[in-house]
>>> print(open('my_file11.pdb').read())   # PDB, C-alpha atoms
ATOM      1  CA  MET Y   1       0.000   0.000   0.000
ATOM      2  CA  GLU Y   2       1.293   3.364  -0.925
ATOM      3  CA  THR Y   3       2.251   5.815   1.772
ATOM      4  CA  TRP Y   4      -0.371   8.315   0.769
ATOM      5  CA  GLN Y   5      -3.072   5.653   1.026
ATOM      6  CA  THR Y   6      -1.943   4.787   4.536
ATOM      7  CA  ILE Y   7      -2.159   8.444   5.533
ATOM      8  CA  LEU Y   8      -5.660   8.755   4.107
ATOM      9  CA  LEU Y   9      -6.840   5.665   5.969
ATOM     10  CA  ALA Y  10      -5.374   6.993   9.187
ATOM     11  CA  LEU Y  11      -7.005  10.353   8.718
ATOM     12  CA  GLY Y  12     -10.326   8.770   7.786
ATOM     13  CA  GLY Y  13     -10.272   6.541  10.865
ATOM     14  CA  ASN Y  14      -9.500   9.473  13.134
ATOM     15  CA  ALA Y  15     -12.292  11.491  11.566
ATOM     16  CA  ALA Y  16     -14.760   8.671  12.124
ATOM     17  CA  LEU Y  17     -13.581   8.310  15.697
ATOM     18  CA  LEU Y  18     -13.933  12.028  16.236
ATOM     19  CA  ALA Y  19     -17.420  11.958  14.759
ATOM     20  CA  VAL Y  20     -18.423   9.132  17.076
ATOM     21  CA  LEU Y  21     -16.890  10.904  20.041
ATOM     22  CA  GLY Y  22     -18.711  14.081  19.047
ATOM     23  CA  ILE Y  23     -22.034  12.262  18.909
ATOM     24  CA  LEU Y  24     -21.391  10.629  22.270
ATOM     25  CA  ALA Y  25     -20.347  13.941  23.806
ATOM     26  CA  LYS Y  26     -23.443  15.662  22.450
ATOM     27  CA  SER Y  27     -25.692  12.917  23.788
ATOM     28  CA  LEU Y  28     -23.993  13.037  27.178
ATOM     29  CA  LEU Y  29     -24.238  16.821  27.282
ATOM     30  CA  GLU Y  30     -27.937  16.713  26.435
ATOM     31  CA  LYS Y  31     -28.526  14.176  29.199
ATOM     32  CA  LEU Y  32     -26.606  16.318  31.676
ATOM     33  CA  ILE Y  33     -28.540  19.409  30.639
ATOM     34  CA  THR Y  34     -31.845  17.535  30.915
ATOM     35  CA  ARG Y  35     -30.904  16.182  34.335
ATOM     36  CA  ASP Y  36     -29.758  19.603  35.588
ATOM     37  CA  THR Y  37     -32.866  21.239  34.162
ATOM     38  CA  LYS Y  38     -35.149  18.793  35.954
ATOM     39  CA  ARG Y  39     -33.194  19.212  39.169
ATOM     40  CA  PHE Y  40     -33.384  23.008  38.827
ATOM     41  CA  GLU Y  41     -37.114  22.845  38.142
ATOM     42  CA  SER Y  42     -37.578  20.583  41.149
ATOM     43  CA  GLU Y  43     -35.557  22.880  43.416
ATOM     44  CA  LEU Y  44     -37.348  25.944  42.060
ATOM     45  CA  LYS Y  45     -40.748  24.342  42.673
ATOM     46  CA  ALA Y  46     -39.729  23.356  46.194
ATOM     47  CA  LYS Y  47     -38.553  26.896  46.952
ATOM     48  CA  SER Y  48     -41.689  28.346  45.378
ATOM     49  CA  ASP Y  49     -43.934  26.036  47.412
ATOM     50  CA  ALA Y  50     -42.027  26.927  50.576
ATOM     51  CA  THR Y  51     -42.349  30.651  49.818
ATOM     52  CA  ILE Y  52     -46.074  30.336  49.118
ATOM     53  CA  GLU Y  53     -46.593  28.381  52.331
ATOM     54  CA  HIS Y  54     -44.629  30.995  54.273
ATOM     55  CA  LEU Y  55     -46.743  33.773  52.775
ATOM     56  CA  LYS Y  56     -49.920  31.862  53.633
ATOM     57  CA  ASN Y  57     -48.764  31.481  57.226
ATOM     58  CA  GLU Y  58     -47.849  35.173  57.404
ATOM     59  CA  LEU Y  59     -51.233  36.177  55.996
ATOM     60  CA  GLN Y  60     -53.042  33.888  58.414
ATOM     61  CA  LEU Y  61     -51.024  35.293  61.325
ATOM     62  CA  ARG Y  62     -51.765  38.878  60.266
ATOM     63  CA  THR Y  63     -55.460  38.011  59.955
ATOM     64  CA  ILE Y  64     -55.507  36.546  63.457
ATOM     65  CA  GLU Y  65     -53.676  39.586  64.856
ATOM     66  CA  HIS Y  66     -56.186  41.896  63.153
ATOM     67  CA  GLN Y  67     -59.097  39.891  64.559
ATOM     68  CA  VAL Y  68     -57.601  40.028  68.052
ATOM     69  CA  ARG Y  69     -57.082  43.805  67.838
ATOM     70  CA  PHE Y  70     -60.607  44.309  66.507
ATOM     71  CA  SER Y  71     -62.032  42.092  69.245
ATOM     72  CA  ARG Y  72     -60.191  44.048  71.944
ATOM     73  CA  LEU Y  73     -61.326  47.354  70.450
ATOM     74  CA  HIS Y  74     -64.916  46.110  70.367
ATOM     75  CA  GLU Y  75     -64.658  44.970  73.991
ATOM     76  CA  LYS Y  76     -63.234  48.349  75.021
ATOM     77  CA  ARG Y  77     -65.942  50.218  73.138
ATOM     78  CA  ALA Y  78     -68.622  48.047  74.749
ATOM     79  CA  SER Y  79     -67.129  48.776  78.179
ATOM     80  CA  VAL Y  80     -67.038  52.528  77.469
ATOM     81  CA  ILE Y  81     -70.634  52.546  76.227
ATOM     82  CA  ALA Y  82     -71.857  50.631  79.278
ATOM     83  CA  GLU Y  83     -70.100  52.945  81.735
ATOM     84  CA  LEU Y  84     -71.045  56.089  79.822
ATOM     85  CA  ASN Y  85     -74.684  55.035  79.769
ATOM     86  CA  GLY Y  86     -74.449  54.483  83.521
ATOM     87  CA  HIS Y  87     -73.116  58.004  84.062
ATOM     88  CA  LEU Y  88     -75.892  59.406  81.886
ATOM     89  CA  ALA Y  89     -78.540  57.490  83.831
ATOM     90  CA  GLU Y  90     -77.239  58.885  87.138
ATOM     91  CA  VAL Y  91     -77.302  62.414  85.713
ATOM     92  CA  LEU Y  92     -80.922  62.008  84.657
ATOM     93  CA  TRP Y  93     -81.944  60.481  87.995
ATOM     94  CA  GLU Y  94     -80.505  63.396  89.952
ATOM     95  CA  ALA Y  95     -81.841  65.994  87.508
ATOM     96  CA  GLU Y  96     -85.322  64.472  87.622
ATOM     97  CA  SER Y  97     -85.278  64.399  91.421
ATOM     98  CA  PHE Y  98     -84.150  68.027  91.543
ATOM     99  CA  LEU Y  99     -86.604  69.359  88.934
ATOM    100  CA  SER Y 100     -89.600  67.298  90.011
ATOM    101  CA  PRO Y 101     -92.574  69.435  91.100
ATOM    102  CA  MET Y 102     -93.286  66.829  93.785
ATOM    103  CA  GLN Y 103     -90.836  67.269  96.647
ATOM    104  CA  TRP Y 104     -91.654  64.724  99.346
ATOM    105  CA  VAL Y 105     -91.189  65.073 103.078
ATOM    106  CA  GLY Y 106     -87.975  63.430 104.232
ATOM    107  CA  GLU Y 107     -86.146  63.998 100.948
ATOM    108  CA  PRO Y 108     -82.916  66.026 100.865
ATOM    109  CA  PRO Y 109     -83.442  69.779 100.417
ATOM    110  CA  GLN Y 110     -83.343  71.112  96.883
ATOM    111  CA  GLU Y 111     -80.002  72.817  97.454
ATOM    112  CA  GLU Y 112     -78.481  69.405  98.152
ATOM    113  CA  LYS Y 113     -80.262  67.899  95.154
ATOM    114  CA  HIS Y 114     -78.860  70.700  93.026
ATOM    115  CA  ARG Y 115     -75.316  69.922  94.181
ATOM    116  CA  ASN Y 116     -75.839  66.218  93.532
ATOM    117  CA  ALA Y 117     -77.094  66.874  90.001
ATOM    118  CA  MET Y 118     -74.170  69.187  89.222
ATOM    119  CA  ASN Y 119     -71.682  66.661  90.620
ATOM    120  CA  LYS Y 120     -73.134  63.880  88.467
ATOM    121  CA  LEU Y 121     -72.965  66.150  85.431
ATOM    122  CA  ALA Y 122     -69.296  66.860  86.159
ATOM    123  CA  GLU Y 123     -68.564  63.122  86.472
ATOM    124  CA  PHE Y 124     -70.340  62.460  83.196
ATOM    125  CA  PHE Y 125     -68.436  65.164  81.308
ATOM    126  CA  ARG Y 126     -65.068  64.007  82.681
ATOM    127  CA  PHE Y 127     -65.649  60.410  81.648
ATOM    128  CA  PHE Y 128     -67.141  61.413  78.304
ATOM    129  CA  ASP Y 129     -64.251  63.716  77.442
ATOM    130  CA  LYS Y 130     -61.660  61.019  78.217
ATOM    131  CA  HIS Y 131     -63.400  58.284  76.205
ATOM    132  CA  ARG Y 132     -65.082  60.083  73.311
ATOM    133  CA  ILE Y 133     -62.379  58.722  70.973
ATOM    134  CA  TYR Y 134     -64.166  55.352  71.053
ATOM    135  CA  LEU Y 135     -67.428  56.805  69.719
ATOM    136  CA  PRO Y 136     -68.453  58.229  66.326
ATOM    137  CA  ILE Y 137     -68.421  62.015  66.027
ATOM    138  CA  GLU Y 138     -72.192  62.217  65.456
ATOM    139  CA  LEU Y 139     -72.886  60.214  68.602
ATOM    140  CA  CYS Y 140     -70.506  62.401  70.620
ATOM    141  CA  GLU Y 141     -72.335  65.495  69.432
ATOM    142  CA  SER Y 142     -75.729  64.026  70.374
ATOM    143  CA  LEU Y 143     -74.488  62.999  73.819
ATOM    144  CA  GLN Y 144     -72.960  66.386  74.486
ATOM    145  CA  GLU Y 145     -76.098  68.179  73.323
ATOM    146  CA  LEU Y 146     -78.286  66.089  75.647
ATOM    147  CA  ALA Y 147     -76.005  66.589  78.652
ATOM    148  CA  MET Y 148     -75.744  70.327  77.995
ATOM    149  CA  GLN Y 149     -79.532  70.576  77.765
ATOM    150  CA  VAL Y 150     -79.928  68.908  81.166
ATOM    151  CA  ARG Y 151     -77.150  71.048  82.634
ATOM    152  CA  ARG Y 152     -78.780  74.238  81.366
ATOM    153  CA  HIS Y 153     -82.104  73.452  83.054
ATOM    154  CA  VAL Y 154     -80.435  72.379  86.294
ATOM    155  CA  ILE Y 155     -78.472  75.633  86.408
ATOM    156  CA  ASN Y 156     -81.424  77.817  85.396
ATOM    157  CA  PHE Y 157     -83.556  76.512  88.240
ATOM    158  CA  GLY Y 158     -80.632  76.073  90.617
ATOM    159  CA  VAL Y 159     -79.976  79.800  90.919
ATOM    160  CA  TYR Y 160     -83.299  80.195  92.760
ATOM    161  CA  VAL Y 161     -83.243  77.310  95.250
ATOM    162  CA  LYS Y 162     -80.888  79.052  97.677
ATOM    163  CA  PHE Y 163     -83.552  81.703  98.303
ATOM    164  CA  ASP Y 164     -86.784  81.264 100.232
ATOM    165  CA  ASP Y 165     -89.908  82.079  98.271
ATOM    166  CA  VAL Y 166     -90.895  84.709 100.827
ATOM    167  CA  THR Y 167     -87.766  86.700  99.967
ATOM    168  CA  LEU Y 168     -88.549  86.769  96.237
ATOM    169  CA  ASN Y 169     -90.583  89.472  94.559
ATOM    170  CA  ASP Y 170     -93.367  88.616  92.154
ATOM    171  CA  HIS Y 171     -91.205  88.893  89.030
ATOM    172  CA  THR Y 172     -88.421  86.707  90.444
ATOM    173  CA  ARG Y 173     -90.938  84.171  91.724
ATOM    174  CA  ALA Y 174     -92.479  84.001  88.254
ATOM    175  CA  GLN Y 175     -89.040  83.473  86.708
ATOM    176  CA  LYS Y 176     -88.379  80.675  89.179
ATOM    177  CA  GLU Y 177     -91.652  78.965  88.309
ATOM    178  CA  LYS Y 178     -90.867  79.311  84.610
ATOM    179  CA  ALA Y 179     -87.399  77.789  84.998
ATOM    180  CA  TRP Y 180     -88.832  74.965  87.104
ATOM    181  CA  ASN Y 181     -91.630  74.159  84.650
ATOM    182  CA  GLU Y 182     -89.351  74.305  81.615
ATOM    183  CA  GLY Y 183     -86.825  72.054  83.316
ATOM    184  CA  TRP Y 184     -89.440  69.499  84.294
ATOM    185  CA  ASP Y 185     -90.985  69.497  80.805
ATOM    186  CA  ALA Y 186     -87.549  68.906  79.295
ATOM    187  CA  ILE Y 187     -86.803  66.046  81.698
ATOM    188  CA  LYS Y 188     -90.137  64.313  81.081
ATOM    189  CA  ILE Y 189     -90.645  64.989  77.343
ATOM    190  CA  GLN Y 190     -87.561  66.102  75.420
ATOM    191  CA  VAL Y 191     -84.826  64.235  77.276
ATOM    192  CA  PRO Y 192     -86.455  60.752  77.094
ATOM    193  CA  GLN Y 193     -86.808  61.076  73.313
ATOM    194  CA  ALA Y 194     -83.166  62.068  72.922
ATOM    195  CA  ARG Y 195     -82.083  59.316  75.302
ATOM    196  CA  THR Y 196     -84.010  56.682  73.344
ATOM    197  CA  ALA Y 197     -82.286  57.787  70.138
ATOM    198  CA  LEU Y 198     -78.899  57.558  71.871
ATOM    199  CA  GLU Y 199     -79.633  54.106  73.261
ATOM    200  CA  ASN Y 200     -80.551  52.902  69.775
ATOM    201  CA  GLU Y 201     -77.200  54.182  68.507
ATOM    202  CA  PHE Y 202     -75.472  52.403  71.392
ATOM    203  CA  ARG Y 203     -77.185  49.153  70.413
ATOM    204  CA  VAL Y 204     -76.139  49.581  66.794
ATOM    205  CA  LEU Y 205     -72.527  50.002  67.872
ATOM    206  CA  LEU Y 206     -72.787  46.886  70.000
ATOM    207  CA  GLY Y 207     -74.281  44.919  67.134
ATOM    208  CA  GLN Y 208     -77.544  44.412  69.010
ATOM    209  CA  ALA Y 209     -79.850  46.786  67.182
ATOM    210  CA  ALA Y 210     -83.317  45.459  66.478
ATOM    211  CA  ASN Y 211     -84.473  45.016  62.882
ATOM    212  CA  PRO Y 212     -86.141  48.328  61.896
ATOM    213  CA  SER Y 213     -88.557  46.604  59.510
ATOM    214  CA  LEU Y 214     -89.731  44.303  62.285
ATOM    215  CA  GLN Y 215     -90.165  47.285  64.599
ATOM    216  CA  ARG Y 216     -92.293  49.080  61.992
ATOM    217  CA  THR Y 217     -94.364  45.942  61.462
ATOM    218  CA  ALA Y 218     -94.918  45.564  65.190
ATOM    219  CA  SER Y 219     -95.875  49.225  65.522
ATOM    220  CA  GLY Y 220     -98.296  48.952  62.617
ATOM    221  CA  GLY Y 221     -99.872  45.867  64.159
ATOM    222  CA  ARG Y 222    -100.623  47.787  67.337
TER     223      ARG Y 222
END
>>> encode(input="my_file11.pdb", output="structure tokens")
Amino acid sequence: METWQTILLALGGNAALLAVLGILAKSLLEKLITRDTKRFESELKAKSDATIEHLKNELQLRTIEHQVRFSRLHEKRASVIAELNGHLAEVLWEAESFLSPMQWVGEPPQEEKHRNAMNKLAEFFRFFDKHRIYLPIELCESLQELAMQVRRHVINFGVYVKFDDVTLNDHTRAQKEKAWNEGWDAIKIQVPQARTALENEFRVLLGQAANPSLQRTASGGR
């Protein structure tokens, strides 16, 4: 065999070997890439699932914290409403006793009743001013208006109780009677209506308001 033929055969064999090696290398590389891709996808999915689960737990925790805060706020508001309503009731009791046209034997004198009513008003305003942040603005305005109305009538009649009727002239005695009558009318007519409206607002805040449609039906039935 000629030398040049031997060289060609050698080169041809090497080329074939290189081609085979190239095919094998390509196949191996594709398998490695496929394996790494699947492993990457698996790791990515695991991390994604872990992240989603973490976010779910965080969201659930935040929801629970919000519910706890809301529950505590509702409990505090309910406590404030209950105590505020108690202060208001005591104000109205003392004001009614003071402004009542029927003063019974054995009762405290009207000067003492006047002091008691003013003291209860002061207690109400102190508590109300410190806790009004828990109530809607409209309700605060209604409460303040009612308390100021009672206070005005207590003061208007209170200026006369320190004097005996025999020391008053006709004009002053007439002014006293007017203040007394206006105060009593307010306590028995105007104040109860305003108080009922306030109590309904309290019940709404506490989630215990009656169904208005049922109330209208019941009223119509009567």
>>> atom_distance(input="my_file11.pdb", atom1="CA of Leu143 in chain Y", atom2="CA of Leu198 in chain Y")
7.3 Å
>>> residues_around(input="my_file11.pdb", residues="Tyr160 in chain Y", least_positions_apart="6", cutoff="9 Å", atoms="only C-alpha atoms", output="number ranges by chain")
Y: 172-173, 175-176
>>> atom_distance(input="my_file11.pdb", atom1="CA of Asp165 in chain Y", atom2="CA of Pro101 in chain Y")
14.8 Å
>>> resolve_selection(input="my_file11.pdb", expression="the PyMOL selection byres ((chain Y and resi 115) around 12)", output="list in words")
Val91, Glu94, Ala95, Ser97, Phe98, Pro108, Pro109, Gln110, Glu111, Glu112, Lys113, His114, Asn116, Ala117, Met118, Asn119, Lys120, Leu121, Ala122, Arg151, Val154, Ile155, Gly158, Val159, Val161 and Lys162 of chain Y
>>> residues_around(input="my_file11.pdb", residues="Glu96 in chain Y", least_positions_apart="3", cutoff="8 Å", atoms="only C-alpha atoms", output="list in words")
Leu92, Trp93, Leu99, Ser100, Trp184 and Ile187 of chain Y
>>> atom_distance(input="my_file11.pdb", atom1="CA of Phe125 in chain Y", atom2="CA of Leu139 in chain Y")
14.3 Å
>>> closest_residue(input="my_file11.pdb", among="Y:Val105, Y:Trp180, Y:Val80, Y:Val150", to="Ile133 in chain Y", atoms="all atoms listed in the file")
Y:Val80
>>> resolve_selection(input="my_file11.pdb", expression="the PyMOL selection byres ((chain Y and resi 206) around 12)", output="ChimeraX atom specification")
/Y:71,73-82,135,199-205,207-210
>>> closest_residue(input="my_file11.pdb", among="Y:Leu88, Y:Gln190, Y:Ala197, Y:Glu43", to="Glu138 in chain Y", atoms="only C-alpha atoms")
Y:Ala197
>>> decode(input="my_file11.pdb", residues="range 126-156 of chain Y", atoms="N, CA and C atoms", output="PDB file, in the first residue's frame")
ATOM      1  N   ARG Y 126     -66.458  64.453  82.565  1.00  0.00           N
ATOM      2  CA  ARG Y 126     -65.068  64.007  82.681  1.00  0.00           C
ATOM      3  C   ARG Y 126     -64.875  62.665  81.978  1.00  0.00           C
ATOM      4  N   PHE Y 127     -65.769  61.731  82.269  1.00  0.00           N
ATOM      5  CA  PHE Y 127     -65.649  60.410  81.648  1.00  0.00           C
ATOM      6  C   PHE Y 127     -65.847  60.507  80.137  1.00  0.00           C
ATOM      7  N   PHE Y 128     -66.840  61.258  79.729  1.00  0.00           N
ATOM      8  CA  PHE Y 128     -67.141  61.413  78.304  1.00  0.00           C
ATOM      9  C   PHE Y 128     -65.961  62.018  77.549  1.00  0.00           C
ATOM     10  N   ASP Y 129     -65.352  63.039  78.122  1.00  0.00           N
ATOM     11  CA  ASP Y 129     -64.251  63.716  77.442  1.00  0.00           C
ATOM     12  C   ASP Y 129     -63.036  62.800  77.295  1.00  0.00           C
ATOM     13  N   LYS Y 130     -62.814  61.918  78.268  1.00  0.00           N
ATOM     14  CA  LYS Y 130     -61.660  61.019  78.217  1.00  0.00           C
ATOM     15  C   LYS Y 130     -61.874  59.829  77.289  1.00  0.00           C
ATOM     16  N   HIS Y 131     -63.119  59.498  76.972  1.00  0.00           N
ATOM     17  CA  HIS Y 131     -63.400  58.284  76.205  1.00  0.00           C
ATOM     18  C   HIS Y 131     -64.157  58.540  74.906  1.00  0.00           C
ATOM     19  N   ARG Y 132     -64.315  59.785  74.520  1.00  0.00           N
ATOM     20  CA  ARG Y 132     -65.082  60.083  73.311  1.00  0.00           C
ATOM     21  C   ARG Y 132     -64.405  59.544  72.050  1.00  0.00           C
ATOM     22  N   ILE Y 133     -63.107  59.241  72.129  1.00  0.00           N
ATOM     23  CA  ILE Y 133     -62.379  58.722  70.973  1.00  0.00           C
ATOM     24  C   ILE Y 133     -62.934  57.373  70.514  1.00  0.00           C
ATOM     25  N   TYR Y 134     -63.623  56.661  71.406  1.00  0.00           N
ATOM     26  CA  TYR Y 134     -64.166  55.352  71.053  1.00  0.00           C
ATOM     27  C   TYR Y 134     -65.532  55.441  70.362  1.00  0.00           C
ATOM     28  N   LEU Y 135     -66.078  56.645  70.255  1.00  0.00           N
ATOM     29  CA  LEU Y 135     -67.428  56.805  69.719  1.00  0.00           C
ATOM     30  C   LEU Y 135     -67.406  57.637  68.443  1.00  0.00           C
ATOM     31  N   PRO Y 136     -68.360  57.405  67.541  1.00  0.00           N
ATOM     32  CA  PRO Y 136     -68.453  58.229  66.326  1.00  0.00           C
ATOM     33  C   PRO Y 136     -68.711  59.694  66.669  1.00  0.00           C
ATOM     34  N   ILE Y 137     -68.286  60.576  65.784  1.00  0.00           N
ATOM     35  CA  ILE Y 137     -68.421  62.015  66.027  1.00  0.00           C
ATOM     36  C   ILE Y 137     -69.886  62.404  66.213  1.00  0.00           C
ATOM     37  N   GLU Y 138     -70.775  61.852  65.365  1.00  0.00           N
ATOM     38  CA  GLU Y 138     -72.192  62.217  65.456  1.00  0.00           C
ATOM     39  C   GLU Y 138     -72.778  61.826  66.806  1.00  0.00           C
ATOM     40  N   LEU Y 139     -72.386  60.660  67.304  1.00  0.00           N
ATOM     41  CA  LEU Y 139     -72.886  60.214  68.602  1.00  0.00           C
ATOM     42  C   LEU Y 139     -72.348  61.101  69.723  1.00  0.00           C
ATOM     43  N   CYS Y 140     -71.085  61.494  69.619  1.00  0.00           N
ATOM     44  CA  CYS Y 140     -70.506  62.401  70.620  1.00  0.00           C
ATOM     45  C   CYS Y 140     -71.269  63.720  70.658  1.00  0.00           C
ATOM     46  N   GLU Y 141     -71.603  64.226  69.491  1.00  0.00           N
ATOM     47  CA  GLU Y 141     -72.335  65.495  69.432  1.00  0.00           C
ATOM     48  C   GLU Y 141     -73.719  65.357  70.057  1.00  0.00           C
ATOM     49  N   SER Y 142     -74.396  64.241  69.798  1.00  0.00           N
ATOM     50  CA  SER Y 142     -75.729  64.026  70.374  1.00  0.00           C
ATOM     51  C   SER Y 142     -75.659  63.891  71.890  1.00  0.00           C
ATOM     52  N   LEU Y 143     -74.658  63.161  72.373  1.00  0.00           N
ATOM     53  CA  LEU Y 143     -74.488  62.999  73.819  1.00  0.00           C
ATOM     54  C   LEU Y 143     -74.213  64.342  74.494  1.00  0.00           C
ATOM     55  N   GLN Y 144     -73.313  65.099  73.900  1.00  0.00           N
ATOM     56  CA  GLN Y 144     -72.960  66.386  74.486  1.00  0.00           C
ATOM     57  C   GLN Y 144     -74.156  67.331  74.476  1.00  0.00           C
ATOM     58  N   GLU Y 145     -74.920  67.309  73.405  1.00  0.00           N
ATOM     59  CA  GLU Y 145     -76.098  68.179  73.323  1.00  0.00           C
ATOM     60  C   GLU Y 145     -77.116  67.822  74.403  1.00  0.00           C
ATOM     61  N   LEU Y 146     -77.333  66.516  74.620  1.00  0.00           N
ATOM     62  CA  LEU Y 146     -78.286  66.089  75.647  1.00  0.00           C
ATOM     63  C   LEU Y 146     -77.813  66.503  77.038  1.00  0.00           C
ATOM     64  N   ALA Y 147     -76.536  66.242  77.330  1.00  0.00           N
ATOM     65  CA  ALA Y 147     -76.005  66.589  78.652  1.00  0.00           C
ATOM     66  C   ALA Y 147     -76.034  68.097  78.884  1.00  0.00           C
ATOM     67  N   MET Y 148     -75.722  68.872  77.854  1.00  0.00           N
ATOM     68  CA  MET Y 148     -75.744  70.327  77.995  1.00  0.00           C
ATOM     69  C   MET Y 148     -77.172  70.835  78.204  1.00  0.00           C
ATOM     70  N   GLN Y 149     -78.133  70.191  77.574  1.00  0.00           N
ATOM     71  CA  GLN Y 149     -79.532  70.576  77.765  1.00  0.00           C
ATOM     72  C   GLN Y 149     -79.951  70.358  79.219  1.00  0.00           C
ATOM     73  N   VAL Y 150     -79.604  69.188  79.762  1.00  0.00           N
ATOM     74  CA  VAL Y 150     -79.928  68.908  81.166  1.00  0.00           C
ATOM     75  C   VAL Y 150     -79.207  69.895  82.080  1.00  0.00           C
ATOM     76  N   ARG Y 151     -77.942  70.121  81.805  1.00  0.00           N
ATOM     77  CA  ARG Y 151     -77.150  71.048  82.634  1.00  0.00           C
ATOM     78  C   ARG Y 151     -77.759  72.448  82.634  1.00  0.00           C
ATOM     79  N   ARG Y 152     -78.207  72.892  81.473  1.00  0.00           N
ATOM     80  CA  ARG Y 152     -78.780  74.238  81.366  1.00  0.00           C
ATOM     81  C   ARG Y 152     -80.021  74.385  82.254  1.00  0.00           C
ATOM     82  N   HIS Y 153     -80.887  73.367  82.249  1.00  0.00           N
ATOM     83  CA  HIS Y 153     -82.104  73.452  83.054  1.00  0.00           C
ATOM     84  C   HIS Y 153     -81.796  73.331  84.549  1.00  0.00           C
ATOM     85  N   VAL Y 154     -80.820  72.501  84.883  1.00  0.00           N
ATOM     86  CA  VAL Y 154     -80.435  72.379  86.294  1.00  0.00           C
ATOM     87  C   VAL Y 154     -79.873  73.701  86.809  1.00  0.00           C
ATOM     88  N   ILE Y 155     -79.054  74.349  85.998  1.00  0.00           N
ATOM     89  CA  ILE Y 155     -78.472  75.633  86.408  1.00  0.00           C
ATOM     90  C   ILE Y 155     -79.537  76.722  86.464  1.00  0.00           C
ATOM     91  N   ASN Y 156     -80.405  76.763  85.451  1.00  0.00           N
ATOM     92  CA  ASN Y 156     -81.424  77.817  85.396  1.00  0.00           C
ATOM     93  C   ASN Y 156     -82.336  77.795  86.624  1.00  0.00           C
TER      94      ASN Y 156
END
